[in-house]
file final-v9.txt (compact mmCIF, C-alpha atoms)
# COMPACT_ATOMS: atom_id res chain seq x y z
CA MET O 1 120.94 40.09 123.82
CA PHE O 2 122.80 37.81 126.23
CA LEU O 3 121.79 35.28 128.85
CA ILE O 4 124.41 35.65 131.59
CA ASN O 5 125.19 32.52 133.62
CA ASN O 6 121.64 31.25 133.05
CA LYS O 7 120.45 33.94 135.46
CA ALA O 8 120.15 37.38 133.93
CA LEU O 9 119.09 38.56 130.52
CA VAL O 10 120.79 41.70 129.23
CA ALA O 11 119.34 43.41 126.18
CA ARG O 12 119.90 46.68 124.38
CA SER O 13 117.42 48.94 122.69
CA SER O 14 118.19 52.00 120.59
CA GLY O 15 118.81 54.13 123.69
CA LYS O 16 118.93 51.95 126.79
CA ILE O 17 120.35 48.76 128.28
CA TYR O 18 117.91 46.54 130.18
CA PHE O 19 118.55 43.84 132.77
CA PHE O 20 115.95 41.13 133.41
CA LYS O 21 115.69 38.14 135.73
CA ARG O 22 113.11 35.39 136.04
CA GLU O 23 110.64 35.66 138.86
CA LYS O 24 107.92 33.21 139.76
CA ASP O 25 104.45 34.34 140.75
CA GLU O 26 103.64 32.13 143.74
CA ASP O 27 99.88 32.48 143.18
CA THR O 28 99.77 31.50 139.52
CA ASP O 29 102.99 29.42 139.52
CA ILE O 30 103.99 31.17 136.29
CA SER O 31 107.47 32.59 135.81
CA SER O 32 108.13 35.72 133.84
CA TRP O 33 111.06 37.97 133.03
CA GLN O 34 111.06 41.08 135.19
CA MET O 35 113.25 44.10 134.57
CA TYR O 36 115.37 44.87 137.63
CA ASN O 37 117.86 47.39 136.28
CA GLU O 38 118.08 49.90 133.45
CA LEU O 39 120.96 51.89 132.07
CA SER O 40 119.94 55.04 130.24
CA HIS O 41 122.78 54.98 127.77
CA LYS O 42 123.04 53.95 124.17
CA GLY O 43 125.66 51.25 124.15
CA LEU O 44 127.00 47.87 123.17
CA ILE O 45 127.16 44.83 125.44
CA PHE O 46 130.25 42.64 125.58
CA TYR O 47 130.14 39.23 127.24
CA ILE O 48 132.20 36.08 126.93
CA LYS O 49 130.54 32.87 128.07
CA GLY O 50 131.96 31.66 131.36
CA ASN O 51 132.75 35.16 132.59
CA VAL O 52 130.70 36.67 135.42
CA ARG O 53 131.53 40.16 134.20
CA ILE O 54 130.01 42.07 131.32
CA GLN O 55 130.96 45.42 129.87
CA VAL O 56 128.66 48.00 128.37
CA THR O 57 130.50 50.48 126.18
CA THR O 58 128.89 53.82 125.45
CA ASP O 59 130.01 57.01 123.71
CA GLU O 60 131.70 58.38 126.82
CA LYS O 61 131.97 55.60 129.39
CA ILE O 62 132.46 51.89 129.88
CA PHE O 63 130.20 50.31 132.50
CA PHE O 64 131.36 47.13 134.25
CA TYR O 65 128.81 44.79 135.77
CA MET O 66 129.26 41.60 137.75
CA ILE O 67 126.41 39.11 137.45
CA ASP O 68 126.75 36.67 140.35
CA MET C 1 130.48 37.60 114.39
CA ILE C 2 131.42 35.21 117.19
CA ILE C 3 134.57 33.99 118.87
CA THR C 4 134.53 30.24 119.31
CA TYR C 5 134.29 28.98 122.88
CA ASP C 6 137.74 27.38 122.58
CA SER C 7 139.12 30.87 121.76
CA THR C 8 140.93 29.69 118.63
CA HIS C 9 138.79 31.11 115.82
CA THR C 10 136.33 33.80 114.96
CA VAL C 11 133.39 33.12 112.66
CA ALA C 12 131.88 35.92 110.63
CA VAL C 13 128.65 36.08 108.69
CA THR C 14 128.85 38.76 106.01
CA LYS C 15 126.41 39.98 103.41
CA SER C 16 127.40 40.56 99.80
CA ASP C 17 123.88 41.37 98.60
CA ASP C 18 120.36 40.02 99.09
CA THR C 19 121.22 36.89 97.12
CA LEU C 20 124.57 36.04 98.68
CA TYR C 21 125.93 35.76 102.21
CA MET C 22 129.33 34.40 103.21
CA VAL C 23 130.47 32.47 106.28
CA ARG C 24 134.15 32.79 107.07
CA MET C 25 136.29 31.39 109.84
CA PHE C 26 139.58 33.03 110.83
CA ASN C 27 142.36 31.66 113.00
CA LEU C 28 142.94 34.04 115.91
CA GLU C 29 146.67 33.28 116.08
CA SER C 30 147.66 33.30 112.42
CA TYR C 31 144.75 35.54 111.21
CA GLN C 32 144.44 33.15 108.26
CA ASN C 33 141.08 32.59 106.67
CA GLU C 34 140.64 28.86 107.19
CA PHE C 35 137.10 28.37 105.98
CA SER C 36 134.75 30.14 103.59
CA GLU C 37 131.38 29.15 102.33
CA LYS C 38 128.63 30.73 100.26
CA VAL C 39 125.02 30.85 101.34
CA GLY C 40 122.79 31.46 98.35
CA GLY C 41 124.46 32.77 95.24
CA SER C 42 121.87 31.96 92.59
CA GLU C 43 119.69 34.57 90.91
CA ASN C 44 116.60 33.16 92.66
CA SER C 45 118.13 33.40 96.13
CA TYR C 46 116.77 35.87 98.68
CA ILE C 47 118.75 35.24 101.85
CA LYS C 48 118.24 36.57 105.35
CA MET C 49 120.78 35.38 107.88
CA LYS C 50 122.11 36.82 111.11
CA ASP C 51 123.56 34.68 113.88
CA ILE C 52 125.74 31.62 113.89
CA GLU C 53 125.35 29.29 116.87
CA GLN C 54 127.99 27.04 118.41
CA ASN C 55 127.94 24.09 120.78
CA SER C 56 129.32 24.28 124.31
CA ASN C 57 132.96 23.63 123.36
CA GLY C 58 132.98 25.59 120.10
CA SER C 59 133.51 22.61 117.79
CA LYS C 60 130.16 22.53 115.98
CA PHE C 61 128.22 25.33 114.35
CA ALA C 62 124.72 25.87 113.05
CA LEU C 63 123.29 28.48 110.71
CA ALA C 64 119.54 29.03 110.56
CA PHE C 65 118.42 31.16 107.64
CA ILE C 66 115.62 31.79 105.18
CA ASP C 67 115.99 31.64 101.40
CA ASP C 68 113.01 33.17 99.59
CA GLY C 69 110.51 31.80 102.12
CA ILE C 70 112.27 28.46 102.57
CA PHE C 71 113.66 27.94 106.08
CA LYS C 72 116.94 26.04 106.23
CA ILE C 73 119.53 24.90 108.75
CA ARG C 74 123.14 24.31 107.78
CA THR C 75 125.67 22.72 110.14
CA PHE C 76 129.40 22.15 110.07
CA GLU C 77 132.18 20.92 112.32
CA LYS C 78 135.32 22.93 112.77
CA SER C 79 137.63 19.91 112.68
CA LYS C 80 136.25 18.85 109.30
CA VAL C 81 136.06 22.17 107.49
CA CYS C 82 138.93 24.17 108.95
CA LYS C 83 142.11 23.75 106.95
CA ALA C 84 145.10 26.06 107.07
CA GLY C 85 145.57 27.78 103.73
CA ASN C 86 142.32 26.36 102.43
CA GLY C 87 140.22 29.36 103.28
CA GLU C 88 138.77 29.99 99.86
CA GLU C 89 138.10 26.41 98.86
CA GLY C 90 135.70 25.31 101.58
CA ARG C 91 133.35 22.38 101.15
CA THR C 92 132.05 20.95 97.91
CA GLU C 93 128.46 21.56 96.80
CA ALA C 94 127.62 17.94 97.65
CA GLU C 95 129.04 18.29 101.16
CA ILE C 96 127.11 21.50 101.70
CA LYS C 97 123.87 19.96 100.49
CA ASP C 98 124.44 16.98 102.76
CA SER C 99 124.78 19.28 105.77
CA GLU C 100 121.69 21.33 104.94
CA PHE C 101 118.17 20.66 106.16
CA VAL C 102 115.08 22.14 104.49
CA ILE C 103 112.40 22.73 107.08
CA ASN C 104 109.21 23.82 105.28
CA ASP C 105 108.10 20.40 104.02
CA LYS C 106 108.77 18.75 107.36
CA ILE C 107 106.48 21.09 109.30
CA ASP C 108 103.98 21.52 106.48
CA ILE C 109 104.29 25.21 105.71
CA ASN C 110 104.67 26.88 102.32
CA HIS C 111 107.14 29.56 101.22
CA PHE C 112 104.86 32.54 101.98
CA THR C 113 106.99 33.91 104.83
CA ILE C 114 108.14 37.38 103.82
CA PRO C 115 110.99 38.87 105.89
CA ILE C 116 111.33 42.60 106.43
CA SER C 117 113.36 44.49 103.85
CA ASN C 118 116.58 46.02 105.16
CA PHE C 119 116.41 43.85 108.29
CA PRO C 120 118.81 40.90 108.45
CA GLU C 121 116.36 38.92 110.62
CA PRO C 122 115.70 35.48 109.13
CA PHE C 123 112.56 34.82 111.26
CA ILE C 124 114.26 31.67 112.54
CA THR C 125 116.63 31.12 115.47
CA CYS C 126 118.24 28.07 116.99
CA THR C 127 120.42 27.04 119.90
CA PHE C 128 122.44 23.93 120.70
CA ILE C 129 120.94 21.67 123.38
CA ASN C 130 123.89 19.29 123.18
CA ASP C 131 126.42 18.36 120.49
CA ASP C 132 123.87 16.54 118.32
CA ASN C 133 120.59 18.34 118.92
CA LEU C 134 119.37 21.82 118.16
CA TYR C 135 116.30 23.60 119.42
CA VAL C 136 114.85 25.51 116.47
CA ASN C 137 112.02 28.02 116.40
CA LEU C 138 110.63 30.07 113.57
CA PHE C 139 107.80 32.47 112.84
CA TYR C 140 105.60 31.70 109.85
CA ASN C 141 104.32 35.23 109.45
CA TYR C 142 101.69 34.45 106.80
CA ASP C 143 99.54 32.83 109.53
CA GLN C 144 101.35 34.40 112.52
CA ASP C 145 102.35 30.98 113.84
CA HIS C 146 105.29 30.14 116.05
CA HIS C 147 106.81 26.73 115.31
CA HIS C 148 109.39 24.96 117.39
CA PHE C 149 111.03 21.55 117.25
CA ILE C 150 114.21 19.65 118.05
CA TYR C 151 116.52 18.95 115.13
CA ASN C 152 118.84 15.96 115.34
CA ILE C 153 121.95 16.82 113.32
CA PRO C 154 123.39 13.34 112.57
CA GLY C 155 119.99 11.85 111.76
CA LYS C 156 118.67 14.98 109.96
CA THR C 157 115.34 14.42 111.66
CA ILE C 158 113.00 16.62 113.65
CA SER C 159 110.92 15.74 116.70
CA CYS C 160 108.51 17.40 119.11
CA HIS C 161 107.24 19.83 116.50
CA LYS C 162 104.65 22.21 117.93
CA LYS C 163 102.74 25.10 116.37
CA ILE C 164 101.44 27.99 118.50
CA HIS C 165 99.35 30.76 117.01
CA MET C 166 100.46 34.21 118.16
CA ASP C 167 98.29 37.26 118.56
CA CYS C 168 100.67 39.76 116.96
CA THR C 169 101.46 41.48 113.69
CA ARG C 170 103.31 39.95 110.76
CA LEU C 171 106.32 42.12 111.58
CA ASN C 172 107.12 40.02 114.64
CA PHE C 173 109.99 37.53 114.63
CA PRO C 174 112.06 35.41 117.05
CA TYR C 175 115.04 37.52 118.02
CA LYS C 176 117.17 35.14 120.05
CA CYS C 177 116.92 31.88 121.95
CA PHE C 178 119.11 30.50 124.74
CA TRP C 179 119.72 27.08 126.26
CA ASP C 180 119.70 27.12 130.07
CA SER C 181 121.89 24.17 131.05
CA ASN C 182 120.97 24.48 134.73
CA GLN C 183 117.22 24.23 134.29
CA ASN C 184 117.33 22.20 131.03
CA GLN C 185 115.07 24.60 129.22
CA VAL C 186 115.16 27.01 126.30
CA TYR C 187 114.20 30.66 126.51
CA SER C 188 113.04 32.20 123.27
CA PHE C 189 112.38 35.90 122.81
CA TYR C 190 110.41 37.70 120.15
CA ARG C 191 110.82 41.22 118.81
CA GLN C 192 107.47 42.38 120.17
CA GLY C 193 108.14 41.15 123.71
CA GLN C 194 106.69 37.64 123.73
CA SER C 195 108.82 34.88 125.19
CA PHE C 196 108.63 31.11 125.49
CA ARG C 197 110.13 28.83 128.09
CA VAL C 198 110.48 25.35 126.65
CA PRO C 199 111.57 22.57 129.05
CA ILE C 200 113.42 19.65 127.45
CA ASP C 201 114.09 16.22 128.94
CA LEU C 202 117.69 15.49 128.00
CA GLU C 203 117.37 11.72 128.41
CA THR C 204 114.44 11.27 126.07
CA MET C 205 115.10 14.48 124.14
CA LYS C 206 111.44 15.38 124.38
CA ILE C 207 109.76 18.70 125.02
CA ASP C 208 107.39 18.79 127.96
CA GLU C 209 104.46 20.31 126.04
CA ASP C 210 102.35 20.81 129.15
CA ASP C 211 104.98 22.96 130.77
CA ILE C 212 105.61 25.47 127.96
CA GLN C 213 105.09 29.03 129.14
call {"tool": "encode", "arguments": {"input": "final-v9.txt", "output": "structure tokens"}}
result
Amino acid sequence: MFLINNKALVARSSGKIYFFKREKDEDTDISSWQMYNELSHKGLIFYIKGNVRIQVTTDEKIFFYMID
Amino acid sequence: MIITYDSTHTVAVTKSDDTLYMVRMFNLESYQNEFSEKVGGSENSYIKMKDIEQNSNGSKFALAFIDDGIFKIRTFEKSKVCKAGNGEEGRTEAEIKDSEFVINDKIDINHFTIPISNFPEPFITCTFINDDNLYVNLFYNYDQDHHHFIYNIPGKTISCHKKIHMDCTRLNFPYKCFWDSNQNQVYSFYRQGQSFRVPIDLETMKIDEDDIQ
């Protein structure tokens, strides 16, 4: 699990990669983490602090994401 | 395993058996082992340890782990422990003890926390707020209570301790926590989906208890 640039949370489960960001409910004034993207691949996440890019390596492919 | 933020070393946490873990630091240019240290090692030890945390410039490190129900934090500085060719010597027992903090007595819990067999999860996580202060949270699964506090490394003191009862099973645990340097708050995530947002005033080093979500 990684927090990317204090903006997005990227986590892996046994079969998927999930992307979350914080969203504030204007009515209740409570923020919560909402999933905004999902990658249906079993993989590993690679991230170096300070980089806007992350890589997700899977059995067959490498996925490149830019979190900006 | 982590690469330090100054890109000079890698730090690995390895398991020998349930009673003994090792922390090792390797130089990324020479590949020399420049620091090794045991965690546990006695017949009464039962260690669970996973992540090692570092400060923003990769000069200080913190290990949060559990030893047979006793939560502990151990810290070290790279400049003081890292010596070329001294990889197997490490620190003395007195130096290690001096850098270790036993949590249970300070937050008034006993040693009844039982981790999950075959999981490395220590039921405790931490993250650096700045060079001298750590945010620490743990799950006392006997009562299903989340505890968090700020640990001052030089003073070996804790502040802003708070206990929150959680409506979950005893198999829950804090998975990871992060320091958000833009918003000055910590995000903590649990295995079963719960999360905490803990705002911290950097000037007073206090947690805004009313604003925890």
call {"tool": "closest_atom_pairs", "arguments": {"input": "final-v9.txt", "of": "chain O", "to": "chain C", "cutoff": "9 Å", "atoms": "only C-alpha atoms", "output": "tab-separated table"}}
result
residue	atom	partner	partner_atom	distance
O:Met1	CA	C:Lys176	CA	7.3
O:Phe2	CA	C:Phe178	CA	8.3
O:Leu3	CA	C:Phe178	CA	6.9
O:Asn5	CA	C:Asp180	CA	8.5
O:Asn6	CA	C:Asp180	CA	5.4
O:Lys7	CA	C:Asp180	CA	8.7
O:Ile30	CA	C:Gln213	CA	7.5
O:Ser31	CA	C:Gln213	CA	7.9
O:Ser32	CA	C:Ser195	CA	8.7
O:Trp33	CA	C:Ser195	CA	8.7
O:Ile48	CA	C:Tyr5	CA	8.4
O:Lys49	CA	C:Tyr5	CA	7.5
call {"tool": "atom_distance", "arguments": {"input": "final-v9.txt", "atom1": "atom CA of Val11 of chain C", "atom2": "atom CA of Ile70 of chain C"}}
result
23.9 Å
call {"tool": "atom_distance", "arguments": {"input": "final-v9.txt", "atom1": "atom CA of Asn57 of chain C", "atom2": "atom CA of Thr75 of chain C"}}
result
15.1 Å
call {"tool": "atom_distance", "arguments": {"input": "final-v9.txt", "atom1": "atom CA of Asn55 of chain C", "atom2": "atom CA of Ala8 of chain O"}}
result
20.3 Å
call {"tool": "axis_aligned_box", "arguments": {"input": "final-v9.txt", "around": "segment 17-29 of chain O", "padding_each_side": "3 Å", "output": "lines of an AutoDock Vina configuration file"}}
result
center_x = 110.1
center_y = 39.1
center_z = 136.0
size_x = 26.6
size_y = 25.3
size_z = 21.5
call {"tool": "closest_residue", "arguments": {"input": "final-v9.txt", "among": "O:Ser13, O:Asp29, O:Asp68, O:Phe20", "to": "Gly43 of chain O", "atoms": "all atoms listed in the file"}}
result
O:Ser13
call {"tool": "residues_around", "arguments": {"input": "final-v9.txt", "residues": "Thr113 of chain C", "least_positions_apart": "4", "cutoff": "9 Å", "atoms": "all atoms listed in the file", "output": "VMD selection string"}}
result
chain C and resid 66 68 to 70 123 139 to 143
call {"tool": "residues_around", "arguments": {"input": "final-v9.txt", "residues": "Tyr31 of chain C", "least_positions_apart": "2", "cutoff": "12 Å", "atoms": "only C-alpha atoms", "output": "list in words"}}
result
Thr8, His9, Thr10, Val11, Arg24, Met25, Phe26, Asn27, Leu28, Glu29, Asn33, Glu34, Phe35, Ala84, Gly85 and Gly87 of chain C
call {"tool": "residues_around", "arguments": {"input": "final-v9.txt", "residues": "Lys162 of chain C", "least_positions_apart": "2", "cutoff": "8 Å", "atoms": "only C-alpha atoms", "output": "ChimeraX atom specification"}}
result
/C:147-149,160,164
call {"tool": "residues_around", "arguments": {"input": "final-v9.txt", "residues": "Tyr190 of chain C", "least_positions_apart": "3", "cutoff": "7 Å", "atoms": "all atoms listed in the file", "output": "list in words"}}
result
Asn172, Phe173, Pro174, Tyr175, Gly193, Gln194 and Ser195 of chain C
call {"tool": "residues_around", "arguments": {"input": "final-v9.txt", "residues": "Arg12 of chain O", "least_positions_apart": "3", "cutoff": "10 Å", "atoms": "only C-alpha atoms", "output": "list of chain:residue names"}}
result
O:Met1, O:Phe2, O:Gly15, O:Lys16, O:Ile17, O:Tyr18, O:Phe19, O:Glu38, O:Leu39, O:His41, O:Lys42, O:Gly43, O:Leu44, O:Ile45, O:Val56
call {"tool": "residues_near_point", "arguments": {"input": "final-v9.txt", "point": "(102.4, 23.1, 118.2)", "cutoff": "12 Å", "atoms": "all atoms listed in the file", "output": "ChimeraX atom specification"}}
result
/C:107-108,137-138,145-149,159-166,198,207-210,212
